>>> print(open('work_23.cif').read())   # mmCIF, C-alpha atoms and all ligand atoms
data_upload
loop_
_atom_site.group_PDB
_atom_site.id
_atom_site.type_symbol
_atom_site.label_atom_id
_atom_site.label_comp_id
_atom_site.auth_asym_id
_atom_site.auth_seq_id
_atom_site.Cartn_x
_atom_site.Cartn_y
_atom_site.Cartn_z
ATOM 1 C CA MET A 1 73.336 107.633 130.185
ATOM 2 C CA LYS A 2 69.942 109.065 129.348
ATOM 3 C CA SER A 3 70.765 109.358 125.642
ATOM 4 C CA ARG A 4 71.992 105.777 125.570
ATOM 5 C CA LEU A 5 68.690 104.538 127.041
ATOM 6 C CA ILE A 6 66.701 106.489 124.463
ATOM 7 C CA ALA A 7 68.852 105.127 121.642
ATOM 8 C CA PHE A 8 68.394 101.594 122.916
ATOM 9 C CA THR A 9 64.613 101.999 123.180
ATOM 10 C CA ALA A 10 64.428 103.413 119.655
ATOM 11 C CA ALA A 11 66.468 100.528 118.278
ATOM 12 C CA ALA A 12 64.308 97.983 120.081
ATOM 13 C CA PHE A 13 61.202 99.708 118.729
ATOM 14 C CA ALA A 14 62.544 99.660 115.170
ATOM 15 C CA ALA A 15 63.500 95.996 115.518
ATOM 16 C CA CYS A 16 59.954 95.112 116.631
ATOM 17 C CA TRP A 17 58.127 97.039 113.959
ATOM 18 C CA GLY A 18 60.374 97.178 110.948
ATOM 19 C CA GLY A 19 62.564 94.128 111.420
ATOM 20 C CA ALA A 20 66.343 94.304 111.438
ATOM 21 C CA ALA A 21 66.579 95.342 107.786
ATOM 22 C CA ASN A 22 64.809 98.628 108.461
ATOM 23 C CA ALA A 23 66.599 99.409 111.710
ATOM 24 C CA LYS A 24 68.685 102.567 111.726
ATOM 25 C CA PRO A 25 72.359 101.670 111.172
ATOM 26 C CA LEU A 26 74.801 102.198 114.005
ATOM 27 C CA ASP A 27 76.649 105.499 113.453
ATOM 28 C CA VAL A 28 80.324 104.706 113.937
ATOM 29 C CA VAL A 29 83.142 107.250 113.689
ATOM 30 C CA ALA A 30 86.612 105.844 112.899
ATOM 31 C CA SER A 31 89.677 108.021 113.343
ATOM 32 C CA PHE A 32 91.492 107.200 110.080
ATOM 33 C CA SER A 33 90.838 105.487 106.755
ATOM 34 C CA VAL A 34 92.435 102.088 107.510
ATOM 35 C CA LEU A 35 90.305 101.734 110.627
ATOM 36 C CA GLY A 36 87.225 103.025 108.792
ATOM 37 C CA ASP A 37 87.605 100.202 106.273
ATOM 38 C CA ILE A 38 88.000 97.596 109.027
ATOM 39 C CA VAL A 39 84.807 98.840 110.742
ATOM 40 C CA SER A 40 82.940 98.758 107.398
ATOM 41 C CA GLU A 41 84.058 95.183 106.727
ATOM 42 C CA VAL A 42 83.037 93.952 110.170
ATOM 43 C CA GLY A 43 79.879 96.066 110.498
ATOM 44 C CA GLY A 44 78.529 95.403 107.006
ATOM 45 C CA SER A 45 75.052 96.814 106.413
ATOM 46 C CA HIS A 46 74.402 97.357 110.125
ATOM 47 C CA VAL A 47 76.778 100.317 110.402
ATOM 48 C CA ALA A 48 77.230 103.731 108.795
ATOM 49 C CA VAL A 49 80.928 104.612 109.053
ATOM 50 C CA MET A 50 82.333 108.122 109.058
ATOM 51 C CA THR A 51 86.117 108.491 108.879
ATOM 52 C CA LEU A 52 87.810 111.598 110.284
ATOM 53 C CA VAL A 53 91.190 111.378 108.480
ATOM 54 C CA GLY A 54 90.140 110.297 104.995
ATOM 55 C CA PRO A 55 92.096 108.707 102.118
ATOM 56 C CA GLU A 56 95.591 110.200 101.536
ATOM 57 C CA GLY A 57 95.360 112.022 104.897
ATOM 58 C CA ASP A 58 98.032 112.089 107.618
ATOM 59 C CA PRO A 59 96.610 110.814 110.940
ATOM 60 C CA HIS A 60 99.513 112.307 112.938
ATOM 61 C CA ALA A 61 99.074 115.873 111.723
ATOM 62 C CA PHE A 62 95.293 116.055 111.313
ATOM 63 C CA ALA A 63 93.455 119.230 112.348
ATOM 64 C CA PRO A 64 89.781 118.507 113.075
ATOM 65 C CA THR A 65 87.056 121.024 112.188
ATOM 66 C CA PRO A 66 84.001 122.084 114.240
ATOM 67 C CA GLN A 67 82.018 119.893 111.829
ATOM 68 C CA ASP A 68 84.018 116.846 112.968
ATOM 69 C CA ALA A 69 82.997 117.638 116.557
ATOM 70 C CA GLN A 70 79.345 117.707 115.484
ATOM 71 C CA VAL A 71 79.683 114.310 113.787
ATOM 72 C CA LEU A 72 81.300 112.894 116.922
ATOM 73 C CA ALA A 73 78.550 114.310 119.149
ATOM 74 C CA LYS A 74 75.942 112.268 117.233
ATOM 75 C CA ALA A 75 77.972 109.035 117.003
ATOM 76 C CA ASP A 76 76.867 105.757 118.585
ATOM 77 C CA LEU A 77 80.450 104.520 118.785
ATOM 78 C CA VAL A 78 83.946 105.932 118.208
ATOM 79 C CA VAL A 79 86.877 103.704 117.187
ATOM 80 C CA VAL A 80 90.500 104.864 117.402
ATOM 81 C CA ASN A 81 93.871 103.184 116.918
ATOM 82 C CA GLY A 82 95.341 104.561 120.153
ATOM 83 C CA LEU A 83 99.040 104.517 121.197
ATOM 84 C CA GLY A 84 99.387 108.214 120.422
ATOM 85 C CA LEU A 85 98.623 107.981 116.683
ATOM 86 C CA GLU A 86 95.702 110.404 116.873
ATOM 87 C CA GLY A 87 97.148 113.357 118.774
ATOM 88 C CA PHE A 88 94.005 115.361 117.992
ATOM 89 C CA MET A 89 91.505 112.904 119.488
ATOM 90 C CA ASP A 90 91.346 113.791 123.192
ATOM 91 C CA ARG A 91 90.660 117.454 122.476
ATOM 92 C CA LEU A 92 88.106 116.589 119.797
ATOM 93 C CA ILE A 93 86.206 114.256 122.123
ATOM 94 C CA ALA A 94 86.176 116.902 124.875
ATOM 95 C CA ALA A 95 84.969 119.559 122.428
ATOM 96 C CA SER A 96 82.208 117.326 121.056
ATOM 97 C CA GLY A 97 80.784 116.185 124.404
ATOM 98 C CA TYR A 98 80.795 112.566 123.125
ATOM 99 C CA GLY A 99 80.306 110.326 126.153
ATOM 100 C CA LYS A 100 79.710 106.795 124.863
ATOM 101 C CA ASP A 101 82.277 104.015 124.448
ATOM 102 C CA LEU A 102 85.697 104.754 122.978
ATOM 103 C CA VAL A 103 87.091 101.622 121.316
ATOM 104 C CA VAL A 104 90.889 101.332 121.111
ATOM 105 C CA ALA A 105 91.448 98.913 118.210
ATOM 106 C CA SER A 106 95.078 98.171 119.136
ATOM 107 C CA GLN A 107 94.205 97.084 122.689
ATOM 108 C CA GLY A 108 95.702 93.789 123.800
ATOM 109 C CA ILE A 109 98.285 93.639 120.998
ATOM 110 C CA ALA A 110 101.980 93.433 121.987
ATOM 111 C CA THR A 111 103.513 96.778 121.044
ATOM 112 C CA ARG A 112 107.000 97.834 119.944
ATOM 113 C CA GLU A 113 108.865 100.325 122.051
ATOM 114 C CA MET A 114 111.371 102.567 120.307
ATOM 115 C CA ASP A 115 114.039 104.974 121.355
ATOM 116 C CA GLU A 116 113.441 108.396 119.872
ATOM 117 C CA GLU A 117 115.974 111.034 120.816
ATOM 118 C CA GLY A 118 116.594 109.419 124.187
ATOM 119 C CA GLU A 119 112.906 108.916 124.967
ATOM 120 C CA THR A 120 111.082 105.594 124.908
ATOM 121 C CA VAL A 121 108.004 105.836 122.706
ATOM 122 C CA THR A 122 105.422 103.263 121.627
ATOM 123 C CA ASP A 123 105.119 102.662 117.890
ATOM 124 C CA PRO A 124 101.425 103.140 116.959
ATOM 125 C CA HIS A 125 101.554 101.633 113.406
ATOM 126 C CA VAL A 126 100.338 98.238 114.643
ATOM 127 C CA TRP A 127 98.149 97.457 111.567
ATOM 128 C CA ASN A 128 101.196 97.119 109.284
ATOM 129 C CA SER A 129 101.369 93.486 110.376
ATOM 130 C CA ALA A 130 98.374 91.611 108.931
ATOM 131 C CA ALA A 131 98.396 89.282 111.957
ATOM 132 C CA ASN A 132 97.725 92.361 114.079
ATOM 133 C CA GLY A 133 95.027 93.415 111.601
ATOM 134 C CA ALA A 134 93.178 90.177 112.399
ATOM 135 C CA ALA A 135 93.250 91.172 116.078
ATOM 136 C CA TYR A 136 91.807 94.596 115.157
ATOM 137 C CA ALA A 137 88.937 92.841 113.341
ATOM 138 C CA ARG A 138 88.066 90.802 116.441
ATOM 139 C CA THR A 139 88.267 93.809 118.773
ATOM 140 C CA VAL A 140 86.015 95.827 116.461
ATOM 141 C CA ALA A 141 83.548 92.910 116.177
ATOM 142 C CA ALA A 142 83.273 92.661 119.976
ATOM 143 C CA ALA A 143 82.776 96.428 120.320
ATOM 144 C CA LEU A 144 80.073 96.542 117.644
ATOM 145 C CA ALA A 145 78.282 93.597 119.295
ATOM 146 C CA LYS A 146 78.320 95.418 122.619
ATOM 147 C CA ALA A 147 76.955 98.624 121.080
ATOM 148 C CA ASP A 148 74.343 96.807 118.972
ATOM 149 C CA PRO A 149 73.530 93.413 120.588
ATOM 150 C CA THR A 150 70.689 92.724 118.127
ATOM 151 C CA ASN A 151 73.245 92.085 115.386
ATOM 152 C CA ALA A 152 75.947 90.513 117.543
ATOM 153 C CA LYS A 153 75.944 87.247 115.563
ATOM 154 C CA ASP A 154 76.554 89.065 112.277
ATOM 155 C CA TYR A 155 79.423 91.086 113.733
ATOM 156 C CA ALA A 156 81.051 87.948 115.077
ATOM 157 C CA ALA A 157 80.678 86.134 111.733
ATOM 158 C CA ASN A 158 81.906 89.113 109.689
ATOM 159 C CA GLY A 159 84.784 89.659 112.089
ATOM 160 C CA GLU A 160 85.942 86.040 111.869
ATOM 161 C CA ALA A 161 85.626 85.928 108.053
ATOM 162 C CA TYR A 162 87.625 89.145 107.732
ATOM 163 C CA ALA A 163 90.230 88.016 110.278
ATOM 164 C CA ALA A 164 90.657 84.806 108.246
ATOM 165 C CA LYS A 165 91.446 86.872 105.109
ATOM 166 C CA LEU A 166 94.056 88.834 107.064
ATOM 167 C CA THR A 167 95.591 85.652 108.466
ATOM 168 C CA ALA A 168 95.883 84.295 104.904
ATOM 169 C CA LEU A 169 97.467 87.593 103.799
ATOM 170 C CA ASP A 170 99.935 87.338 106.676
ATOM 171 C CA ALA A 171 100.999 83.847 105.549
ATOM 172 C CA TRP A 172 101.321 85.038 101.928
ATOM 173 C CA ALA A 173 103.479 88.024 102.979
ATOM 174 C CA LYS A 174 105.823 85.758 104.956
ATOM 175 C CA GLN A 175 106.241 83.531 101.902
ATOM 176 C CA GLU A 176 106.880 86.466 99.530
ATOM 177 C CA LEU A 177 109.504 88.039 101.771
ATOM 178 C CA ALA A 178 111.217 84.760 102.637
ATOM 179 C CA ALA A 179 112.101 84.508 98.924
ATOM 180 C CA ILE A 180 114.295 87.633 99.231
ATOM 181 C CA PRO A 181 117.778 86.944 100.709
ATOM 182 C CA ALA A 182 117.998 88.385 104.240
ATOM 183 C CA ALA A 183 120.898 90.688 103.279
ATOM 184 C CA LYS A 184 118.695 92.385 100.673
ATOM 185 C CA ARG A 185 115.769 93.019 103.023
ATOM 186 C CA LYS A 186 116.675 96.634 103.766
ATOM 187 C CA VAL A 187 114.491 99.574 102.872
ATOM 188 C CA ILE A 188 114.418 103.369 103.290
ATOM 189 C CA THR A 189 111.091 105.090 103.955
ATOM 190 C CA SER A 190 110.159 108.639 104.987
ATOM 191 C CA HIS A 191 109.050 107.931 108.561
ATOM 192 C CA GLU A 192 109.150 104.972 110.962
ATOM 193 C CA ALA A 193 105.776 103.521 109.996
ATOM 194 C CA PHE A 194 106.726 99.926 109.166
ATOM 195 C CA GLY A 195 108.262 98.671 112.401
ATOM 196 C CA TYR A 196 105.605 95.973 112.875
ATOM 197 C CA LEU A 197 105.931 94.880 109.252
ATOM 198 C CA GLY A 198 109.705 94.724 109.691
ATOM 199 C CA ALA A 199 109.497 92.677 112.878
ATOM 200 C CA GLU A 200 106.820 90.305 111.562
ATOM 201 C CA TYR A 201 108.338 89.676 108.125
ATOM 202 C CA GLY A 202 112.056 90.210 108.682
ATOM 203 C CA VAL A 203 112.667 93.494 106.851
ATOM 204 C CA GLU A 204 114.944 96.252 108.150
ATOM 205 C CA PHE A 205 113.424 99.719 107.711
ATOM 206 C CA LEU A 206 115.455 102.906 108.011
ATOM 207 C CA ALA A 207 113.838 106.342 108.037
ATOM 208 C CA PRO A 208 114.994 109.940 108.506
ATOM 209 C CA GLN A 209 111.824 110.814 110.438
ATOM 210 C CA GLY A 210 110.680 109.080 113.610
ATOM 211 C CA ILE A 211 107.324 107.454 114.349
ATOM 212 C CA SER A 212 105.402 110.691 113.903
ATOM 213 C CA THR A 213 105.422 112.790 110.747
ATOM 214 C CA GLU A 214 105.200 115.891 112.935
ATOM 215 C CA ALA A 215 108.825 116.015 114.108
ATOM 216 C CA GLU A 216 111.385 117.053 111.508
ATOM 217 C CA ALA A 217 114.496 114.989 110.843
ATOM 218 C CA SER A 218 117.706 116.685 111.968
ATOM 219 C CA ALA A 219 120.499 117.365 109.463
ATOM 220 C CA ALA A 220 122.822 115.140 111.526
ATOM 221 C CA ASP A 221 120.341 112.223 111.415
ATOM 222 C CA VAL A 222 119.966 112.566 107.661
ATOM 223 C CA ALA A 223 123.736 112.684 107.136
ATOM 224 C CA LYS A 224 124.138 109.554 109.264
ATOM 225 C CA LEU A 225 121.438 107.762 107.312
ATOM 226 C CA ILE A 226 123.035 108.710 103.980
ATOM 227 C CA ASP A 227 126.359 107.236 105.178
ATOM 228 C CA GLN A 228 124.616 104.046 106.240
ATOM 229 C CA ILE A 229 122.796 103.700 102.905
ATOM 230 C CA LYS A 230 126.076 104.121 101.026
ATOM 231 C CA GLY A 231 127.939 101.767 103.371
ATOM 232 C CA GLU A 232 125.353 99.001 103.173
ATOM 233 C CA LYS A 233 124.621 99.626 99.468
ATOM 234 C CA ILE A 234 120.873 99.947 100.008
ATOM 235 C CA LYS A 235 119.119 100.713 96.748
ATOM 236 C CA ALA A 236 115.449 100.681 97.708
ATOM 237 C CA VAL A 237 114.090 104.099 98.745
ATOM 238 C CA PHE A 238 110.328 104.527 98.939
ATOM 239 C CA LEU A 239 107.942 107.463 99.108
ATOM 240 C CA GLU A 240 104.798 107.470 101.269
ATOM 241 C CA ASN A 241 101.412 108.648 100.043
ATOM 242 C CA SER A 242 100.629 110.763 103.109
ATOM 243 C CA THR A 243 104.108 112.151 103.867
ATOM 244 C CA ASP A 244 106.099 114.967 102.245
ATOM 245 C CA PRO A 245 108.217 113.260 99.511
ATOM 246 C CA ARG A 246 111.069 115.802 99.466
ATOM 247 C CA MET A 247 113.273 114.139 102.081
ATOM 248 C CA ALA A 248 113.115 110.686 100.470
ATOM 249 C CA LYS A 249 113.881 112.203 97.058
ATOM 250 C CA GLN A 250 116.834 114.115 98.519
ATOM 251 C CA ILE A 251 118.214 110.931 100.100
ATOM 252 C CA ALA A 252 117.826 109.003 96.855
ATOM 253 C CA LYS A 253 119.712 111.735 95.002
ATOM 254 C CA ALA A 254 122.510 111.916 97.590
ATOM 255 C CA THR A 255 123.076 108.158 97.643
ATOM 256 C CA GLY A 256 122.364 107.198 94.056
ATOM 257 C CA ALA A 257 119.565 104.930 95.279
ATOM 258 C CA LYS A 258 116.492 104.402 93.133
ATOM 259 C CA LEU A 259 112.996 105.493 94.126
ATOM 260 C CA GLY A 260 111.104 102.236 94.448
ATOM 261 C CA GLY A 261 107.628 103.744 94.227
ATOM 262 C CA THR A 262 105.090 104.762 96.827
ATOM 263 C CA LEU A 263 104.139 102.868 99.952
ATOM 264 C CA TYR A 264 100.868 103.305 101.841
ATOM 265 C CA PRO A 265 101.756 103.152 105.550
ATOM 266 C CA GLU A 266 98.734 104.758 107.188
ATOM 267 C CA SER A 267 96.289 106.044 104.651
ATOM 268 C CA LEU A 268 94.180 104.414 101.957
ATOM 269 C CA THR A 269 93.793 105.806 98.445
ATOM 270 C CA GLY A 270 90.519 106.704 96.768
ATOM 271 C CA PRO A 271 88.724 103.955 94.787
ATOM 272 C CA ALA A 272 90.875 104.548 91.658
ATOM 273 C CA GLY A 273 94.209 104.220 93.523
ATOM 274 C CA PRO A 274 96.159 101.034 94.313
ATOM 275 C CA ALA A 275 95.181 100.932 98.017
ATOM 276 C CA PRO A 276 91.434 101.584 98.360
ATOM 277 C CA THR A 277 91.009 98.985 101.147
ATOM 278 C CA TYR A 278 93.195 97.775 104.014
ATOM 279 C CA LEU A 279 93.570 94.322 102.378
ATOM 280 C CA LYS A 280 94.639 95.892 99.062
ATOM 281 C CA MET A 281 96.908 98.401 100.801
ATOM 282 C CA PHE A 282 98.745 95.656 102.661
ATOM 283 C CA ARG A 283 99.137 93.470 99.570
ATOM 284 C CA TYR A 284 100.318 96.408 97.460
ATOM 285 C CA ASN A 285 102.905 97.422 100.071
ATOM 286 C CA ILE A 286 104.357 93.906 100.188
ATOM 287 C CA GLU A 287 104.461 93.633 96.383
ATOM 288 C CA THR A 288 106.128 97.048 96.081
ATOM 289 C CA LEU A 289 108.684 96.231 98.782
ATOM 290 C CA VAL A 290 109.561 92.887 97.195
ATOM 291 C CA LYS A 291 110.098 94.532 93.808
ATOM 292 C CA GLY A 292 112.239 97.304 95.327
ATOM 293 C CA MET A 293 114.374 95.011 97.487
ATOM 294 C CA LYS A 294 115.303 92.829 94.544
ATOM 295 C CA ALA A 295 117.356 95.841 93.343
ATOM 296 C CA ASN A 296 119.444 95.861 96.549
HETATM 297 ZN ZN ZN B 1 102.926 107.293 110.894
#
>>> encode(input="work_23.cif", output="structure tokens")
Amino acid sequence: MKSRLIAFTAAAFAACWGGAANAKPLDVVASFSVLGDIVSEVGGSHVAVMTLVGPEGDPHAFAPTPQDAQVLAKADLVVVNGLGLEGFMDRLIAASGYGKDLVVASQGIATREMDEEGETVTDPHVWNSAANGAAYARTVAAALAKADPTNAKDYAANGEAYAAKLTALDAWAKQELAAIPAAKRKVITSHEAFGYLGAEYGVEFLAPQGISTEAEASAADVAKLIDQIKGEKIKAVFLENSTDPRMAKQIAKATGAKLGGTLYPESLTGPAGPAPTYLKMFRYNIETLVKGMKAN
């Protein structure tokens, strides 16, 4: 509480003397690259964003360093996806001593429950529906406004403008996928990361691994999947940028399916790659899926 009061006083002081332009930006830590980009878009020049799981990283299997704990300790705000995506987060927060607000970007969004080896689990990959992405933008805007009320109007405006782009992307994706016959909308990926995309846009995703990349697929599950791919004549098998490609390649070989390229389920690329922002990642995934499904 004491540190929050000091931070507030310092910000008020800076606002009085230097004007908003010279005020120290809000230090925000985001758990993974997709969320980091959303915070950057909504926060604009008022925030300095640090992302824990960077481009091409796997948010399920991330191992934080002592340096990450130091970054967290100094943060003004921490934003996570929640729903069990970041298994490392609770321990990291405890180790860092961070005591300010923890924003759960997926809060308030209707989630998908899945059966995984007899257990009901919640699918954390909520951002793979662009309609849900718009909800993330609004949640982040409200959290930034609470942490930094001086710039609340800017956060609200940025959040709405960004949400509007995601809503337009959502409508575009629906149109693109509606052009593919329903029987052809079947896809194989490495892990169950596209459940929200499937539900929102009418695509059936099959994967040897469950909703986390940490559990290995069993030989029996893989054999069953191979039979299903052969039986339903599915041709579109995709790799994922942040997941081991061996399983998908093995399945493609065993079934005679074609590798339809790489999808970006939960990690951006660097600036030179095809998915350097959440908007570009989403668009690229839809374009790649459409191309691959046409071969079915
Ligand atoms: Zn995942």
>>> residues_around(input="work_23.cif", residues="Ala193 of chain A", least_positions_apart="6", cutoff="10 Å", atoms="all atoms listed in the file", output="ChimeraX atom specification")
/A:123-128,205-207,209-213,240,264-266
>>> closest_residue(input="work_23.cif", among="A:Ala295, A:Ala168, A:Leu83, A:Ala141", to="ligand ZN 1 (chain B)", atoms="only C-alpha atoms and all ligand atoms")
A:Leu83
>>> residues_around(input="work_23.cif", residues="Ala178 of chain A", least_positions_apart="6", cutoff="10 Å", atoms="all atoms listed in the file", output="list in words")
Trp172, Arg185, Tyr201, Gly202, Val203 and Val290 of chain A
>>> atom_distance(input="work_23.cif", atom1="atom CA of Ala171 of chain A", atom2="atom CA of Tyr136 of chain A")
17.1 Å
>>> residues_near_point(input="work_23.cif", point="(91.8, 107.0, 98.9)", cutoff="12 Å", atoms="only C-alpha atoms", output="MDAnalysis selection string")
chainID A and resid 32:34 36:37 51 53:58 241:242 264 266:278 280:281
